[in-house]
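Asker: Mind having a look at this structure? Questions to follow.
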Amino acid sequence: MAGDGETLLAVAQRLGVDIESICGGRQTCAKCKVRIDEGDFPKHGVLSSASHLSEIGIKESDLLSQGNGSETGKFRLACAAAVHGDVLVYVPEESRAHKQTIRKVAGERAIDVEPAVRQVYVEVDAAQLGEHRGDWGRLQSALHLQCGLSDMQIDLTALRKLQPALRHGNWAITVTLWQDHEVIDVQPGYKEGVHGLAVDIGSTTVAAHLCDLRTGRLLATEATMNPQIAYGEDLMSRISYGMANSGGLAKMQKSIIDTLNTLATRAARQSGLTARDIHEAVIVGNTTMIHILLGINPQELGSAPFALAIREAIDLKARELDVRLHPGAYVHVLPAEAGHVGADNVAVLLAEEPYRQEKTTLIVDVGTNAEIVLGNRERLYSASSPTGPAFEGAQITFGMRAAPGAIERVRIDPMTWEARFRVIGEERWSDQWPTANGEEPSQHLAAGICGSGIIEVVAELFMAGIISGDGRFNASRPHPRLVQQGKTTAYILAYEAETAGGQPILIAQDDIRSVQLAKAALYSGIKLLMKRSSIERVERIILAGAFGSYIDPKHAMILGLIPDCNLEQVVAVGNAAGDGARIALLNRYKRVEAQQQARDVTYIETAADPDFQDEFVSALHIPHISDGFPFLEKALGKALPGRDENNEENKRMRRAERLRDRQRQKS
Amino acid sequence: MSDEINLKEMLDEDIYELMNEDLYDGYAQEVVEEVYEMLARGHAPYDILSKGLIAGMDIVGDDFRDGILFVPEVLMAAKAMKAGMAILRPLLAETGAEKIGTMVVGTVKGDIHDIGKNLTAMMMEGAGFEVYDLGVNNSVDNFMTAIEMRKPDIIGMSALLTTTMPYMRVVIDALVEAGIRQDLIVLVGGAPLNDAFAKDIGADAYCRDAAIGVETAKRLMQQRREKSR
C-alpha cells in the first residue's frame with residue numbers, strides 16, 4: 001500500500017491513522033515516535049523487518065535518544081522512516097494525534113483533545129532582493145503549503161515578533177494558532193507548550209483549572225472566594241449594587257478580573273509556568289457573573305423580562321478584559337440559555353450530555369437559584385427556580401454553612417422520637433460521643449445545622465410522625481424534645497451538652513416553613529417542566545454542584561425536593577460546570593455543540609406559568625399533596641406517613657368528630 | 001355512629017361556629033351549604049358575612065401570623081371564603097351595606113412573582129375588603145388608571161426582588177406628583193423589604209405577610225375614619 005520511499009507518517013495520514021506531528025514531518029518535534037514490531041505476523045500477512053525502512057539519520061538518532069524510556073532501535077520517527085517493504089507499526093498512545101483525557105468523576109468519560117490552540121513548525125522562504133512579499137506574506141505561503149491553512153490573520157503582538165523570530169530561527173519558526181485562523185504567537189525554531197485555563201465563576205466560589213492543551217492533562221486547580229460577595233451575597237443584591245452605586249459595576253468587574261489574574265498566576269506557578277504561558281481561557285458562570293465580567297451592566301437581569309445583552313458564545317482577546325495571559329491569548333465565554341440560565345448550565349449540559357441519553361434525565365443544580373434540566377436525546381427543557389438561601393443555612397434559626405461543627409446527618413427514631421446526628425469534622429454519631437472521663441472527646445461539638453442536615457432533619461421528623469405532611473408539629477404526644485415556642489412547637493435536635501454554644505439547637509416551626517418554601521420552589525419547577533414536556537416519570541436524576549454531593553438522595557426524596565425515581569438512578573456528579581468548561585477548553589467542536597444545545601433547549605419561565613401557583617402550593621406538602629412515590633416507598637420498605645390525610649372520607653369523619661367534641665364540651 | 005351532620009337541627013350560633021371551623025379547614029362546599037341555610041332562616045347577608053365568614057377568616061389570619069397555619073391551608077380557607085362570598089356579594093350590593101374598604105393591589109414593574117400578592121388579595125377579600133387585583137408587572141400608568149377607575153382607599157404593592165422593589169418609590173412619587181398621595185393608604189410587602197425601606201420610600205407601612213397586611217389595613221382604615229369624623 002505504501003509507495004516505495006514514502007514516509008511512515010505520509011502513509012499513515014493517507015490511510016487515516018492519526019499520528020501526532022507538530023513540526024509537520026521535519027524531524028524536529030519527535031512527537032511521531034512509533035514502534036516497529038519485527039517478525040512474522042501471519043494474522044496481518046506481513047513479514048515485518050526494521051530493515052524494510054530507510055536508515056536512521058543523525059537528526060533522527062539524536063531525537064530518538066532524547067526521549068526517555070523508549071528502547072532505541074525499536075522506535076522510529078514516522079516522518080523520517082521511508083518505507084521500502086513490509087513493516088508492522090505500533091503507534092503508542094502518546095504519539096496519537098487525538099488524545100483523550102478522563103474526567104475523574106462518577107461514570108468517567110473520555111474527552112477527545114481537539115483544542116482551539118495548537119502549534120505548528122514551519123520553514124519560511126528567506127527574504128531576498130527582488131522579491132517583495134512581506135515576511136507575513138511569506139509565512140502565509142508557508143502555512144498554506146505546509147499546513148494547508150488559508151485565510152489566516154495575525155495578532156499585532158505576534159506580528160511585532162515575526163521578523164526577529166524568523167531571523168533568529170534561521171527562517172524556521174513555531175507558530176501558535178488559534179482556531180486555525182489566527183496566528184497568536186511566533187517563536188524562533190522548534191518550541192512546544194500550549195496551555196489553557198478553564199474557569200467557573202460562581203457567585204460564591206471561583207475555580208480555575210490549568211490544562212496542557214496538547215495532552216489534555218490537568219496540571220493544576222486553584223480556587224478562591226468570589227470577592228464580589230463584599231458587594232452582595234446573592235445575584236440580585238449585586239445587580240442592585242451596580243444600579244445604586246455609581247462606579248459599582250466597574251468595582252465588581254475589577255474585583256473578578258483581579259481574581260482571574262491571581263488564579264491564573266497561582267495555577268501556572270504550581271506547574272512551573274507563568275500566566276504568559278496560558279494561550280486561552282474558557283469561562284463559564286451564571287449570566288450575572290458573565291455580564292459583570294464583560295463590564296456589561298446586569299441591570300436588565302434584575303427584572304422581568306430578564307433580557308440578556310448576549311446569549312451567544314463570545315471570543316475576545318484576554319487583554320481587552322485586562323486578563324493577563326499570553327499577549328495574544330483569547331477568552332472564550334460559553335453561551336447562555338436564558339436570562340437566568342447561563343454558561344454554567346450549558347457547561348453542565350456538555351459534561352452530562354442529557355441530549356445523548358435515552359433515559360429521561362433530570363439534572364438539578366441546587367443553589368440559591370436552582371437550575372433544572374429535564375429531557376433526553378429527543379427533547380430538552382430547562383428552568384431556573386428561586387429556592388432562596390435556606391439550604392445554605394440562611395433563614396434557619398440555627399442554620400450555618402457547611403463547616404466544622406455543622407450538623408450534616410440526622411436520624412430520628414420513629415418509636416422513641418430520640419435524635420442522633422453527625423457533625424462535620426467528627427466521624428462518630430452523637431450517640432457514640434463519650435460521656436465518661438478519659439475517653440477521646442468529640443473533635444467538634446454541634447455549632448449549627450447545614451444544608452444536608454436541614455434536609456435530613458425535616459425528612460426524619462416527617463417519617464417519625466413528629467411533623468405531619470402539612471409541615472405542622474404534631475401535638476398528639478408530649479415529649480421531652482418537644483418544647484413550646486409561643487403558639488407553636490419546636491424540636492430539640494441537640495441538647496446543650498452536645499453544642500458548642502452551650503444552648504440547645506432547636507428546629508422551630510418557622511424553620512420547617514422556610515424549608516417547605518425552598519423545596520416547593522424546586523419541586524414545582526421540576527413538575528412544570530415535566531408537565532410542559534409531557535414527561536410523566538423521571539428515569540435518572542443527576543445532582544450537580546458542590547452541594548449536590550452532600551445531599552442524601554433518599555432524604556431529599558422523602559422531603560419532596562426531587563420527584564420519585566429509582567434511588568439507584570440518583571447520582572451526584574460534583575462540579576459538573578467546571579468539568580464542562582474543561583471539555584470546551586480541550587475540544588473546540590464541543591463549543592459548537594454547546595452553542596447548538598443552548599439554542600435548542602426549551603426554556604420555561606416557571607414564575608410566569610399559569611399553573612405555577614397550584615404546583616407550588618401542592619409541593620409545599622411533604623413530600624407532595626398528591627404525587628405518588630412508589631420507588632421511594634419500595635426502597636423504604638414501608639408507606640410514607642399520612643398519605644390518606646386528604647381524601648374525602650377522612651375529611652368528613654374529621655368534621656363530624658370536631659362537632660361531637662364541641663357538643664361534648666358544651667354539655 | 002353516624003358522621004352525617006344535619007344543619008336543619010342545629011341552632012343558629014352552632015351553625016356560625018361550624019361555618020368558622022369549615023372555613024378554617026377550607027371546606028368550600030360545606031360553607032356554601034351553611035350560607036344558604038342561614039339565608040333560608042332569614043338572616044341578613046351582612047350578618048352572615050361578618051359572623052360566619054369574616055369571623056372565620058380572622059382566626060385563619062391569626063393562626064397564619066403565628067405560624068400555625070401555612071400557605072396551602074390559608075389558600076384553601078380563602079377559596080372557601082370566596083365560595084361563600086359569591087352567594088352573598090349580589091345580596092350585599094342590593095342592601096347597600098357599608099363597605100369596609102377598597103384596595104388596588106399588584107406586583108410592580110419587572111416583578112412576576114405573585115403568590116404573596118395573591119394570598120394578600122384573598123385574605124383582604126376574606127376580611128371584607130373589595131379588592132382589585134392588577135396582577136403582575138405593573139407600571140405607574142397601570143396603578144394610576146386603576147386608581148382613577150376604582151377610587152380605592154388602599155394601594156398595595158408587592159416585589160420579591162431587591163432589583164424590582166425600588167420601583168415602588170417611582171409609583172409613590174407619581175402619587176405625590178398627582179397630588180393624591182394623602183388620599184390613599186399605601187401598603188408594601190415582599191421578601192426583601194423591611195420597615196426602614198417602606199419609610200424611606202414614603203409608604204404608610206411594610207407588611208411582613210398577608211395576615212399582617214389585613215391587620216394593618218384594618219387599623220389604618222379605622223384611623224382614617226376617626227380622623228374624618
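Here's how to read the names in the C-alpha cells: chain A, B, ... by the order shown, residue numbers from 1 in each chain, ligand numbers from 1 in the order shown.
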Using only C-alpha atoms, which residues sit within 9 Å of Leu293 (chain A) once same-chain residues fewer than 6 positions away are excluded, as an MDAnalysis selection string?
Answerer: chainID A and resid 252:254 256:257 321
Asker: Selected residues, N, CA and C atoms, written as a PDB file, in the first residue's frame, please.
Answerer:
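Written output follows (part_22.pdb):
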```pdb
ATOM      1  N   MET A 252     -17.008  45.925  40.763  1.00  0.00           N
ATOM      2  CA  MET A 252     -17.246  44.484  40.773  1.00  0.00           C
ATOM      3  C   MET A 252     -16.474  43.812  39.646  1.00  0.00           C
ATOM      4  N   GLN A 253     -16.405  44.483  38.482  1.00  0.00           N
ATOM      5  CA  GLN A 253     -15.681  43.897  37.361  1.00  0.00           C
ATOM      6  C   GLN A 253     -14.192  43.782  37.689  1.00  0.00           C
ATOM      7  N   LYS A 254     -13.650  44.856  38.253  1.00  0.00           N
ATOM      8  CA  LYS A 254     -12.225  44.835  38.572  1.00  0.00           C
ATOM      9  C   LYS A 254     -11.919  43.722  39.572  1.00  0.00           C
ATOM     10  N   ILE A 256     -13.349  40.860  40.000  1.00  0.00           N
ATOM     11  CA  ILE A 256     -13.336  39.498  39.428  1.00  0.00           C
ATOM     12  C   ILE A 256     -12.153  39.326  38.474  1.00  0.00           C
ATOM     13  N   ILE A 257     -11.788  40.398  37.757  1.00  0.00           N
ATOM     14  CA  ILE A 257     -10.621  40.313  36.860  1.00  0.00           C
ATOM     15  C   ILE A 257      -9.352  40.091  37.688  1.00  0.00           C
ATOM     16  N   LEU A 321      -9.901  42.530  28.393  1.00  0.00           N
ATOM     17  CA  LEU A 321     -10.506  42.500  29.725  1.00  0.00           C
ATOM     18  C   LEU A 321      -9.474  42.769  30.824  1.00  0.00           C
TER      19      LEU A 321
END
```
Asker: From a DSSP calculation on the backbone, collect every residue of region 55-222 of chain B in helix (DSSP H, G or I) and output the set as a PyMOL selection string.
Answerer: chain B and resi 55-65+71-95+115-126+140-150+167-177+181-183+195-201+210-222
Asker: Got a sec to pull out which chain A residues are within 9 Å of chain B, counting only C-alpha atoms, and send them as an MDAnalysis selection string?
Answerer: chainID A and resid 236:237 239:240 243 299 301:306 470:473 486:488 509:510 513 607:608 613 617:618 620:621 651:659
Asker: Which residues come within 12 Å of Ala40 (chain B), counting only C-alpha atoms, excluding same-chain residues fewer than 6 positions away, as a list in words?
Answerer: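 Final neighbour list, sorted by chain and number: Leu7, Lys8, Asp12, Glu33, Glu34 and Ile48 of chain B.
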Asker: Just C-alpha atoms for this one: save the residues we selected as a short mmCIF file (atom, residue, chain, number, x, y, z; two decimals), in the first residue's frame.
Answerer:
```cif
data_model
loop_
_atom_site.label_atom_id
_atom_site.label_comp_id
_atom_site.auth_asym_id
_atom_site.auth_seq_id
_atom_site.Cartn_x
_atom_site.Cartn_y
_atom_site.Cartn_z
CA LEU B 7 -77.87 21.52 59.62
CA LYS B 8 -81.62 21.76 59.96
CA ASP B 12 -78.05 29.47 64.66
CA GLU B 33 -74.49 24.94 52.38
CA GLU B 34 -74.28 26.79 55.67
CA ILE B 48 -73.75 36.06 57.66
#
```
Asker: List the spatial neighbours of region 308-315 of chain A as a VMD selection string - criterion: any atom at most 7 Å away, only C-alpha atoms, same-chain residues fewer than 6 positions off excluded.
Answerer: chain A and resid 301 330 to 337 339 595
Asker: Can you pull out every residue within 8 Å of region 214-229 of chain B, counting only C-alpha atoms, but drop anything in the same chain fewer than 3 positions away, and send it as an MDAnalysis selection string?
Answerer: chainID B and resid 101 120 123:124 127 154 185 187 205 207 210:211
Asker: Grab the CA of Pro90 (chain B) to CA of Tyr36 (chain B) distance for me, in Å with one decimal place.
Answerer: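 Atom-to-atom, CA of Pro90 (chain B) to CA of Tyr36 (chain B), that is 13.7 Å.
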Asker: Give me the residues near Asp180 (chain A) as a list in words, where near means some atom within 12 Å (using only C-alpha atoms) and where sequence neighbours in that chain fewer than 6 positions away do not count.
Answerer: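 My list of contacting residues is Glu114, Pro115, Ala116, Val117, Arg118, Gln119, Val120, Leu143, His144, Cys147, Gly148, Leu149, Ser150, Asp151, Met152, Gln153, Ile154 and Arg588 of chain A.
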Asker: Please report the interatomic distance between CA of Glu131 (chain A) and CA of Asp185 (chain A) in Å with one decimal.
Answerer: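 Between these atoms lies a distance of 24.9 Å.
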Asker: Between CA of Trp433 (chain A) and CA of Ala419 (chain A), what distance in Å does the model show, to one decimal?
Answerer: 13.3 Å
Asker: Please identify all polymer residues within 8 Å of region 259-271 of chain A, counting only C-alpha atoms, omitting same-chain residues fewer than 2 positions from it, and present them as a count of residues only.
Answerer: 24
Asker: Go through region 47-203 of chain B and collect every residue that DSSP, computed from the backbone, puts in strand (DSSP E); the answer should be as a PyMOL selection string.
Answerer: chain B and resi 102-107+130-133+154-158+185-189
Asker: Next, write the just-selected residues to a file, as a tab-separated table (two decimals), in the first residue's frame, keeping N, CA and C atoms as the atom set.
Answerer:
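Final output, selection07.tsv:
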```tsv
chain	number	residue	atom	x	y	z
B	102	THR	N	-61.79	49.63	49.95
B	102	THR	CA	-61.45	49.15	48.61
B	102	THR	C	-59.94	49.22	48.44
B	103	MET	N	-59.41	48.17	47.80
B	103	MET	CA	-57.96	48.10	47.62
B	103	MET	C	-57.60	47.77	46.18
B	104	VAL	N	-56.58	48.44	45.67
B	104	VAL	CA	-55.98	48.07	44.39
B	104	VAL	C	-54.61	47.47	44.71
B	105	VAL	N	-54.34	46.27	44.16
B	105	VAL	CA	-53.10	45.59	44.52
B	105	VAL	C	-52.43	45.01	43.27
B	106	GLY	N	-51.10	44.99	43.28
B	106	GLY	CA	-50.37	44.40	42.16
B	106	GLY	C	-48.89	44.32	42.45
B	107	THR	N	-48.17	43.47	41.69
B	107	THR	CA	-46.71	43.48	41.81
B	107	THR	C	-46.20	44.57	40.88
B	130	GLU	N	-63.07	45.18	49.30
B	130	GLU	CA	-63.26	44.99	47.87
B	130	GLU	C	-61.88	45.11	47.25
B	131	VAL	N	-61.43	44.07	46.55
B	131	VAL	CA	-60.05	44.05	46.07
B	131	VAL	C	-60.00	44.00	44.55
B	132	TYR	N	-59.23	44.91	43.97
B	132	TYR	CA	-58.97	44.87	42.53
B	132	TYR	C	-57.52	44.48	42.31
B	133	ASP	N	-57.35	43.29	41.77
B	133	ASP	CA	-56.01	42.74	41.60
B	133	ASP	C	-55.50	43.05	40.20
B	154	ILE	N	-56.96	52.00	49.49
B	154	ILE	CA	-55.63	51.44	49.75
B	154	ILE	C	-54.97	51.03	48.44
B	155	ILE	N	-53.65	51.30	48.33
B	155	ILE	CA	-52.83	50.78	47.24
B	155	ILE	C	-51.86	49.78	47.85
B	156	GLY	N	-51.84	48.57	47.32
B	156	GLY	CA	-50.91	47.56	47.80
B	156	GLY	C	-49.91	47.22	46.71
B	157	MET	N	-48.64	47.28	47.04
B	157	MET	CA	-47.60	46.93	46.05
B	157	MET	C	-46.72	45.83	46.60
B	158	SER	N	-46.34	44.91	45.72
B	158	SER	CA	-45.52	43.78	46.14
B	158	SER	C	-44.33	43.61	45.21
B	185	ILE	N	-53.99	55.09	51.33
B	185	ILE	CA	-53.11	54.35	52.23
B	185	ILE	C	-52.23	53.49	51.34
B	186	VAL	N	-50.91	53.60	51.47
B	186	VAL	CA	-50.01	52.80	50.64
B	186	VAL	C	-49.34	51.72	51.51
B	187	LEU	N	-49.63	50.46	51.16
B	187	LEU	CA	-49.02	49.33	51.87
B	187	LEU	C	-48.08	48.61	50.92
B	188	VAL	N	-46.90	48.22	51.43
B	188	VAL	CA	-45.95	47.49	50.60
B	188	VAL	C	-45.54	46.20	51.28
B	189	GLY	N	-45.20	45.20	50.46
B	189	GLY	CA	-44.78	43.92	51.01
B	189	GLY	C	-43.89	43.16	50.04
```
Asker: Where does region 483-580 of chain A meet region 625-636 of chain A within 8 Å, residue by residue, with the nearest atom pair and distance in Å to one decimal for each, counting only C-alpha atoms, listed by chain and rising number, as JSON lines?
Answerer:
```
{"residue": "A:Lys554", "atom": "CA", "partner": "A:Leu632", "partner_atom": "CA", "distance": 7.4}
{"residue": "A:Met557", "atom": "CA", "partner": "A:Leu632", "partner_atom": "CA", "distance": 7.3}
{"residue": "A:Ile558", "atom": "CA", "partner": "A:Leu632", "partner_atom": "CA", "distance": 7.6}
{"residue": "A:Pro563", "atom": "CA", "partner": "A:Phe629", "partner_atom": "CA", "distance": 7.7}
{"residue": "A:Asp564", "atom": "CA", "partner": "A:Phe629", "partner_atom": "CA", "distance": 5.0}
{"residue": "A:Cys565", "atom": "CA", "partner": "A:Phe631", "partner_atom": "CA", "distance": 5.8}
{"residue": "A:Asn566", "atom": "CA", "partner": "A:Phe631", "partner_atom": "CA", "distance": 5.5}
{"residue": "A:Leu567", "atom": "CA", "partner": "A:Leu632", "partner_atom": "CA", "distance": 7.2}
```
Asker: Go through B:Met144, B:Ile87, B:Met149, B:Val176 one by one, measure the shortest atom-to-atom distance of each to Leu49 (chain B) using only C-alpha atoms, and give the residue with the smallest value.
Answerer: B:Ile87
Asker: Have a look at B:Glu98, B:Glu30, B:Asp58, B:Glu37 and name the one nearest to Ala83 (chain B); count only C-alpha atoms.
Answerer: B:Glu30
